[in-house]
Structures are given as structure tokens and as C-alpha cells.
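**Q** One structure coming up, written as C-alpha cells, with questions to follow.
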There are 2 protein chains.
Amino acid sequence: MEHQVKYLLQESELPRQWYNIVPDLPSPPPPPLHPGTKQPVGPDALAPLFPMALIQQEVSPDRFIDIPEPVVDVYRLWRPTPLFRARRLEKDLGTPARIYYKYEGVSPAGSHKPNTAVPQAYYNAQEGVTKLTTETGAGQWGSALAFASALFGLECEVWQVRASYDQKPYRRLLMEAYVLNHVLMHQTVIGEEAIKQLALAGDTPDLIIGCTGGGSNFSGLIFPFLREKLAGKMNPVLRAVEPAACPSFTRGVYAYDFGDTAGLTPLLKMHTLGHDFVPDPIHAGGLRYHGMSPLLSHIYELGLIEAVAKPQSECFAAGLRFARTEGILPAPEPTHAVAACIEEALRCKETGEEKVILTALCGHGLLDLSAYSNYQAGQVEDFDLPMAAVQDALTRLPAAV
Amino acid sequence: MEHQVKYLLQESELPRQWYNIVPDLPSPPPPPLHPGTKQPVGPDALAPLFPMALIQQEVSPDRFIDIPEPVVDVYRLWRPTPLFRARRLEKDLGTPARIYYKYEGVSPAGSHKPNTAVPQAYYNAQEGVTKLTTETGAGQWGSALAFASALFGLECEVWQVRASYDQKPYRRLLMEAYVLNHVLMHQTVIGEEAIKQLALAGDTPDLIIGCTGGGSNFSGLIFPFLREKLAGKMNPVLRAVEPAACPSFTRGVYAYDFGDTAGLTPLLKMHTLGHDFVPDPIHAGGLRYHGMSPLLSHIYELGLIEAVAKPQSECFAAGLRFARTEGILPAPEPTHAVAACIEEALRCKETGEEKVILTALCGHGLLDLSAYSNYQAGQVEDFDLPMAAVQDALTRLPAAV
């Protein structure tokens, strides 16, 4: 046991249900509103955009939702994912803390994104959809959906943000080689597996750290642990890490806003920097969303999670240290979580605490080598958050409800 | 059992010994010779180049060599690697064959290369070496050695072939972020694990297929199975697949030749196209070596393995089909093995044979997207082997012994 590094589950231990945290919360999240009437938007209004099965999941009162068998069949290609104990990183840091990371980079798209891309493609195909269209930031989502669409015979059209596209020319082909929406719940397979794996390791987490862009990776990791915490079975601190250049939790406001820059979505109550705030072009493209998931924002307001922000140079340095010790180069997004883990582990070195830290390495950085190359060449800037621009964007929030 | 896709071993099942096939062969391989005296080169002549522990392994009469504990500690980062049943590919092909693939792309360098890079770096460090220098073709070896060197505190200088370097600009950084020689034995961990995993699956292989450049991936996969075959416990056909542009087994001669283009090494008896034959610049850079491992060449001459050659366009098509069904984009090297698996599976479709086929996917293709992009753009050529150039190169073989 002492020298175990990798905690693996058998295929039979793959979760068969997604966890829906909403019924377990002390109060429900505020509903989405129609931008004109300011009245709650019912499931019917979502029907032109989403298959009914996903809309039902959005409003389900059930704590657990069965994962369809064809989705489980696809999950089997890479799930359960491994949980690693970062023994070499711990040694390098000289910390008494025990650091575990759940590694989602083993998926076909190299990130956690297929966990939800696959069921979304499946439900769309089930309801007769033949073509999906999506936009993608850093390209991970587009790749994941292209893969999932191909599996279920769907055509897929992906629109990528130009700045991200230019930084990652080769992501395009992965999308072409495969052929598209976020439901945090689908990502809970990550946390469910991690609970079993930490039990195998004989440890209980004191602190769980994850990076947040829209919030799906973090939610997928922590929701099952939050369920256990709310039930009094464990008491981990839950810490979100966001980029200093786009800090919706730590510098945004909690208000109704549009989910998209164009202002076409229903109004969502969330932590936002203003829907038309454009963050500086940091390399962690997946973390540049102006807002935060409404459900995760609600949970933050309830005081159930905390948040910190990190500048990208600290994150790249943490990513390289991780690669040199653990042998996996993290994508720029999870380097934010790695930086926060290292910070905490060094704090434990000072205090002598044998804290158990868990994080999720939500994707590998093999398609981000140009970003690391820029960092090593001294070409990565830490942007100060332009507070004037945020204040300006916030003046264009929809009228308070 | 019916729907199992992934066969995983626990860390405790990681092999603790490498398998040395030489004592099990009906006759020993011919020795390396001094180019001047034409006399066998003894271990002492290798001492300036290699640590004594590795030289002892080269000439060891023992069937099994203990893997040092610090090497096992590193192997644990990614080993045991998964064995997959390619159910989606089988379905797509409509074949009754059962196809299994051992996936080595989960390693830090994304290929099988760290299996030997790590012990080589370890033994060098143990004997006081502080800096390693190597050349690398496609970059996978350089990446693997850079990673291994960093783990044991060694400096590492890597020289890369210009054609490969230009095709894969981002491989460079992976070498910079981490910091050589092939011993086939180190790779036998692949086959040892696969034996256990096929037993878990309840299957015995009828055919084992692997791609060959220098031969380490193929040897690592088949040597443990060949041991079982020589002992009468199973009877798989063992098939090497080489590129049509560099077919040392199928079009080369079995003769003493230099291992390197410059003619500086001892003379090695092997299948060779002539040490100064320069193959066309195919994308599977790892398969462009003019010769074949002397040990594997000897085993081929003994009639224990067979070989076929494949043109690269067929291989790229097979790689894309694999990616679209199995979700993993293979490196150009293992697409050769995938193409041969598909060919055999389609043959089984005709005959109705429920053949059990095993292959090794020795690396992922995430750093080879530009090659796939060229293929999809119709820019990948199938080169005819320039037999005149081979005949010419063969006139410069060292004088027959």
C-alpha cells in the first residue's frame, strides 16, 4: 500500500448514474428568466434548442439519473479514469501533504469534455437530430463533440474562436477526424469514481481543488463530495481556482445576465463580469468565459465553496514542475488547480500538516506546447484585470429583477 | 464479461522482471564483430559507451532480470498499461475476429519508449554519468530520454534528424521540458502484462501483429508470447509490419553491416538495406531505420516470426478508421500494425474465422496531426522502394565474414 501511485477501478465499478445535486441543496438555484418578460423560462422554451431528455434532466427532482447503456458503452473506452498519488511532486516540494489527482486526460479528446459530449450527442441522436452545431473556445469542446457525434452518426459543425484557433492549428484536424452542451451532472462520474478510489487509498480529503471556467470540471469533481459533506460524512474544503484575468467568482457580481456575448440566451443568475466583457487572451482559453455556471454560482452564494484567482505565469511554472515530476504535461486550464495545490502543499510544509489534497487534472497539454514554448521564451504576460472595463461592462447588465 | 472493453491490472501485477529470450532460442544470435579485425566484440569494448549493468544484460545467460526498484517506481506512473478489446472497430468491420490492443500511449512521452529510456537513465546515473547525449528520429525517443533523465538528475542532449524536426516543431519543447539505447528486453513488460490481460479476457491469441522500425516495440510485445509458444503452451502466428518504403525484413539482406549511417559501430548481423541507404521521408519516422535489430533478425531467420510491408496511405486510412471507432488517434508507426489487423479482420469476415488478434498501439498521434492533415489533403505519397538505390547501398556492405 505504501508505494501505491495509481488507483484503478475495474470497468464494473464505472458509475451507472449521474448525481443531481439540486435536491440536496438547502435552497434551489434561481430560475432562468425570459429577457423580455423577466418571467421564469419553462422547459418548453428550451425545446427548440435541446432534446427533451436533457431538458428533463435540467429540472429533475431526482437525486440520481440512470446513464443510458449506449453512453456507458462509450464511457468504457476510457473510464474509470485513474486516480494518481503525486508522490514525486510531494517529494520535490518536501511537503507532508498527500496530493491526489484524478486524471481525465486519458479520454479520446484528452480532457473531461467527452463525459457530457457523449450523452448530449446520444440524446440528440435519439430524438432524431442529424446535425449538431456548436462553438468552441480552446477547441477541447469541439473535439469532444466531434468525437461523440461521430459515434452516434451525427454531422457536427464547430465554430472556433479565432484567437484560440490561431494558437492551436492542429486542434482543427482532431475535430475533422471526429465529427456537440454542458450539463454539470454528466461530469459527476469524475467525483463518484474519485470517492471510491480515495477509499482504496485509505484517505479522506481535507481539501479539494479544481479550476473553473464555466464550472463543469470543478462541479463534476466536487458535487459527489459535497453530497457526502452535506450528509455529515466528510468535511473537505472545496476550492475553485480561476484565472486572475477572468475572475468571475472573486471579482464579478452575482446578478442576472446573458449567458452569451450576443445577448441571445435567457437571463441566468450567476457570477458575471458582464456579458460583453472581453478578457485578455490568456492561454487557458477554456477559462475565459465571462460568467460562471448558475448552479455553481448559487452554491458559492450558499457558502459551500470558496474561490481564489491565479495569474497565468504562476500556473505555467506549476504545470512545468508537475510535468518534470509526475510526467504529465497539464493543459493550461488545470495548471491553475496545480498552482493552488502547490501553494497549499508548501503551506503544509511550514505547518507540518499532513493534509489530504485532491484535484482533477482535467486535460493534458500535448496540444498546448506552443503556449508552454511561449512561457519558456518569456513571452507570457500576467494581465492586470482592467477593472474599468469590467465596471463598464457591468453597466450593461440587464435591468435588475 | 461479454461487454468488457478494457482489461486493467493492479499496480501489484506490474512485472518485476524483464524477460531475456536469448537462452530460450534454439541457437544464439551471431555476435557483433569489430569492423577491422572481424573478431567478436567483447563486453569490454562497449564499456566506454554503456554502463556495465546494461552490458551485462546484453550478454546475460539468465532468462529473467530483476527490474531495479527505482525503475519500478517510475513504471508505476503509467504501468500496467491498459489492454483494450476493439469492439467498435470490430463492429465497423463486421468481422467475427476479436481484436485486442495493448495501449502504450498512456506513458509520459506518449509511446513505449520510456520502458527502456527509464532503466537506461537509471543505470547511467547509478554509475556516475551526469550527462546523456542521443540522437532521435521522430522525436519520441528524445522525449522519452529527456523525461527519464530528468527523473534521475541527468543532463540530456538530444540531436534530432532535420526532416523529423521540421515536421514536428512542438516535439522539441517536450524534450526541453524533460531532458539512450535500445535493449529489447526492457520492452518485454508490454508482453508480460498482455499475457495476464488476455487471460483475464479469457482468450488466447491466434495472431499477434506489431509494427517494426528497429524492432523494440514488436519484440516487447511478442517475446513473452514466443516463450510460451516455444514451451508449447500456445501457438500464435507472430507478424511484423514494416513500411513499404523501408522494408528491411521483406526486401533487405541478412548480413553483417554497420548499425549507423556513419559506419562507426561494431558490425552487426541483421536484415539491412545497406547502412547508407536513405529511405524516403515517410511520416512514420520511427520506422525509417535501415536495419533491423540483430536479435529480431536472428529470430526471423529461425522462422519464428513472419513479416509484411505496408504503404503509408493504407496505414493513414487505417489510423483514421481506428480513431473514428476507438477514439484514439494512433501515431503513424502503429498505424502499420492497425492496417495489418484490419486486413486480417476483413479476411476473417470472408472465412467466418473467430480469430483472436492482438496488437500493440505503441503511441498516440497527438503530435502527428500535421501528418494526418497532409494525408487528408491528399498530400501523402506512397513511395516505390528505389531498388537501384538499395542495390547500390548493398555494394557498400562491409566485406563478408
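Ordered as shown in the C-alpha cells, chains take letters A, B, and onward, while each chain numbers its residues from 1 and ligands are numbered from 1 in the order shown.
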How would you write, as a VMD selection string, the set of residues in region 22-257 of chain B that DSSP gives as alpha helix (DSSP H)?

**A** chain B and resid 43 to 46 52 to 58 69 to 75 87 to 93 114 to 126 140 to 151 162 to 167 171 to 177 188 to 201 216 to 230 248 to 251

**Q** Find the residues of chain A that sit at most 9 Å from chain B; for each, write down the nearest two atoms and how far apart they are in Å, to one decimal. Count only C-alpha atoms. Sort by chain, then by number going up, and give it as a tab-separated table.

**A**
```
residue	atom	partner	partner_atom	distance
A:His3	CA	B:Asp73	CA	8.0
A:Gln4	CA	B:Glu11	CA	7.1
A:Val5	CA	B:Arg76	CA	6.4
A:Lys6	CA	B:Glu11	CA	7.0
A:Tyr7	CA	B:Gln10	CA	8.0
A:Leu8	CA	B:Gln10	CA	6.9
A:Leu9	CA	B:Leu8	CA	8.3
A:Gln10	CA	B:Leu8	CA	6.9
A:Glu11	CA	B:Lys6	CA	7.0
A:Ser12	CA	B:Gln4	CA	8.6
A:Asp73	CA	B:His3	CA	8.0
A:Arg76	CA	B:Val5	CA	6.4
A:Leu77	CA	B:Val5	CA	6.7
A:Trp78	CA	B:Lys6	CA	8.0
A:Arg79	CA	B:Lys6	CA	8.9
A:Phe84	CA	B:Leu77	CA	8.0
A:Val106	CA	B:Val106	CA	7.2
A:Ser107	CA	B:Gly327	CA	8.1
A:Pro108	CA	B:Gly327	CA	4.9
A:Ala109	CA	B:Gly327	CA	7.9
A:Phe147	CA	B:Gly327	CA	7.1
A:Ala150	CA	B:Arg324	CA	6.9
A:Leu151	CA	B:Thr325	CA	7.0
A:Tyr170	CA	B:Leu369	CA	5.9
A:Arg171	CA	B:Leu369	CA	8.2
A:Leu173	CA	B:Ser373	CA	6.4
A:Leu174	CA	B:Leu369	CA	7.5
A:Ala177	CA	B:Leu320	CA	6.8
A:Tyr178	CA	B:Arg324	CA	5.9
A:Val179	CA	B:Arg324	CA	8.7
A:Leu320	CA	B:Ala177	CA	7.0
A:Ala323	CA	B:Ala177	CA	7.6
A:Arg324	CA	B:Tyr178	CA	6.0
A:Thr325	CA	B:Leu151	CA	7.0
A:Glu326	CA	B:Leu77	CA	7.3
A:Gly327	CA	B:Pro108	CA	4.9
A:Ile328	CA	B:Pro108	CA	5.5
A:Leu329	CA	B:Pro108	CA	8.1
A:Leu366	CA	B:Leu366	CA	6.9
A:Leu367	CA	B:Leu366	CA	7.2
A:Asp368	CA	B:Tyr170	CA	9.0
A:Leu369	CA	B:Tyr170	CA	5.9
A:Ser370	CA	B:Tyr170	CA	6.8
A:Tyr372	CA	B:Leu173	CA	7.9
A:Ser373	CA	B:Leu173	CA	6.4
```

**Q** Name the residues of region 161-281 of chain A that fall into strand (DSSP E or B) according to DSSP on the backbone, using the chain letters and numbers of this document, as a PyMOL selection string.

**A** chain A and resi 207-211+237-243+253-258+267-272

**Q** Atoms to include: C-alpha atoms. Write the selected residues as a PDB file, in the first residue's frame.

**A**
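Below you can see out39.pdb, which holds the result:
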```pdb
ATOM      1  CA  LEU A 207      -9.208  19.985   0.607  1.00  0.00           C
ATOM      2  CA  ILE A 208     -10.473  19.578  -2.950  1.00  0.00           C
ATOM      3  CA  ILE A 209      -9.183  21.965  -5.606  1.00  0.00           C
ATOM      4  CA  GLY A 210     -10.367  22.430  -9.180  1.00  0.00           C
ATOM      5  CA  CYS A 211     -10.078  25.003 -11.943  1.00  0.00           C
ATOM      6  CA  VAL A 237     -12.834  22.478   1.988  1.00  0.00           C
ATOM      7  CA  LEU A 238     -13.885  22.949  -1.661  1.00  0.00           C
ATOM      8  CA  ARG A 239     -11.768  25.495  -3.519  1.00  0.00           C
ATOM      9  CA  ALA A 240     -12.339  26.817  -7.060  1.00  0.00           C
ATOM     10  CA  VAL A 241      -9.359  28.355  -8.885  1.00  0.00           C
ATOM     11  CA  GLU A 242      -9.991  30.871 -11.645  1.00  0.00           C
ATOM     12  CA  PRO A 243      -7.630  32.933 -13.813  1.00  0.00           C
ATOM     13  CA  VAL A 253     -21.122  40.348  -9.338  1.00  0.00           C
ATOM     14  CA  TYR A 254     -23.929  37.863  -8.643  1.00  0.00           C
ATOM     15  CA  ALA A 255     -26.685  39.040 -10.950  1.00  0.00           C
ATOM     16  CA  TYR A 256     -28.956  38.077 -13.812  1.00  0.00           C
ATOM     17  CA  ASP A 257     -27.044  38.340 -17.095  1.00  0.00           C
ATOM     18  CA  PHE A 258     -26.975  36.862 -20.562  1.00  0.00           C
ATOM     19  CA  LEU A 267     -31.209  35.561 -18.300  1.00  0.00           C
ATOM     20  CA  LEU A 268     -29.177  33.470 -15.901  1.00  0.00           C
ATOM     21  CA  LYS A 269     -28.410  34.403 -12.295  1.00  0.00           C
ATOM     22  CA  MET A 270     -24.706  33.909 -11.971  1.00  0.00           C
ATOM     23  CA  HIS A 271     -21.363  35.426 -11.101  1.00  0.00           C
ATOM     24  CA  THR A 272     -20.524  37.589 -14.075  1.00  0.00           C
TER      25      THR A 272
END
```

**Q** Would you pick out the contacts of Val356 (chain A) at 6 Å or less, using only C-alpha atoms, so that residues sharing its chain but fewer than 2 positions from it are not included, and give the list as number ranges by chain?

**A** A: 97-98, 205-206

**Q** One number please: CA of Ser313 (chain B) to CA of Asp382 (chain B), in Å, one decimal.

**A**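 The value is 6.3 Å.
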
**Q** Residues within 7 Å of Phe152 (chain B), please, as an MDAnalysis selection string. Count only C-alpha atoms; anything in the same chain fewer than 5 positions from it doesn't count.

**A** chainID B and resid 121:122 125

**Q** For the selection you just gave me, I'd like the residues written to a file as a PDB file, in the first residue's frame, keeping N, CA, C and O atoms.

**A**
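Below is the file out_34.pdb, written as the result:
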```pdb
ATOM      1  N   ALA B 121      18.525   5.433 -18.264  1.00  0.00           N
ATOM      2  CA  ALA B 121      18.923   6.619 -17.494  1.00  0.00           C
ATOM      3  C   ALA B 121      19.314   6.219 -16.078  1.00  0.00           C
ATOM      4  O   ALA B 121      20.312   6.696 -15.522  1.00  0.00           O
ATOM      5  N   TYR B 122      18.528   5.312 -15.490  1.00  0.00           N
ATOM      6  CA  TYR B 122      18.809   4.862 -14.124  1.00  0.00           C
ATOM      7  C   TYR B 122      20.201   4.247 -14.007  1.00  0.00           C
ATOM      8  O   TYR B 122      20.997   4.631 -13.133  1.00  0.00           O
ATOM      9  N   ALA B 125      22.936   6.814 -14.346  1.00  0.00           N
ATOM     10  CA  ALA B 125      23.051   7.634 -13.135  1.00  0.00           C
ATOM     11  C   ALA B 125      23.733   6.858 -12.018  1.00  0.00           C
ATOM     12  O   ALA B 125      24.590   7.385 -11.301  1.00  0.00           O
TER      13      ALA B 125
END
```
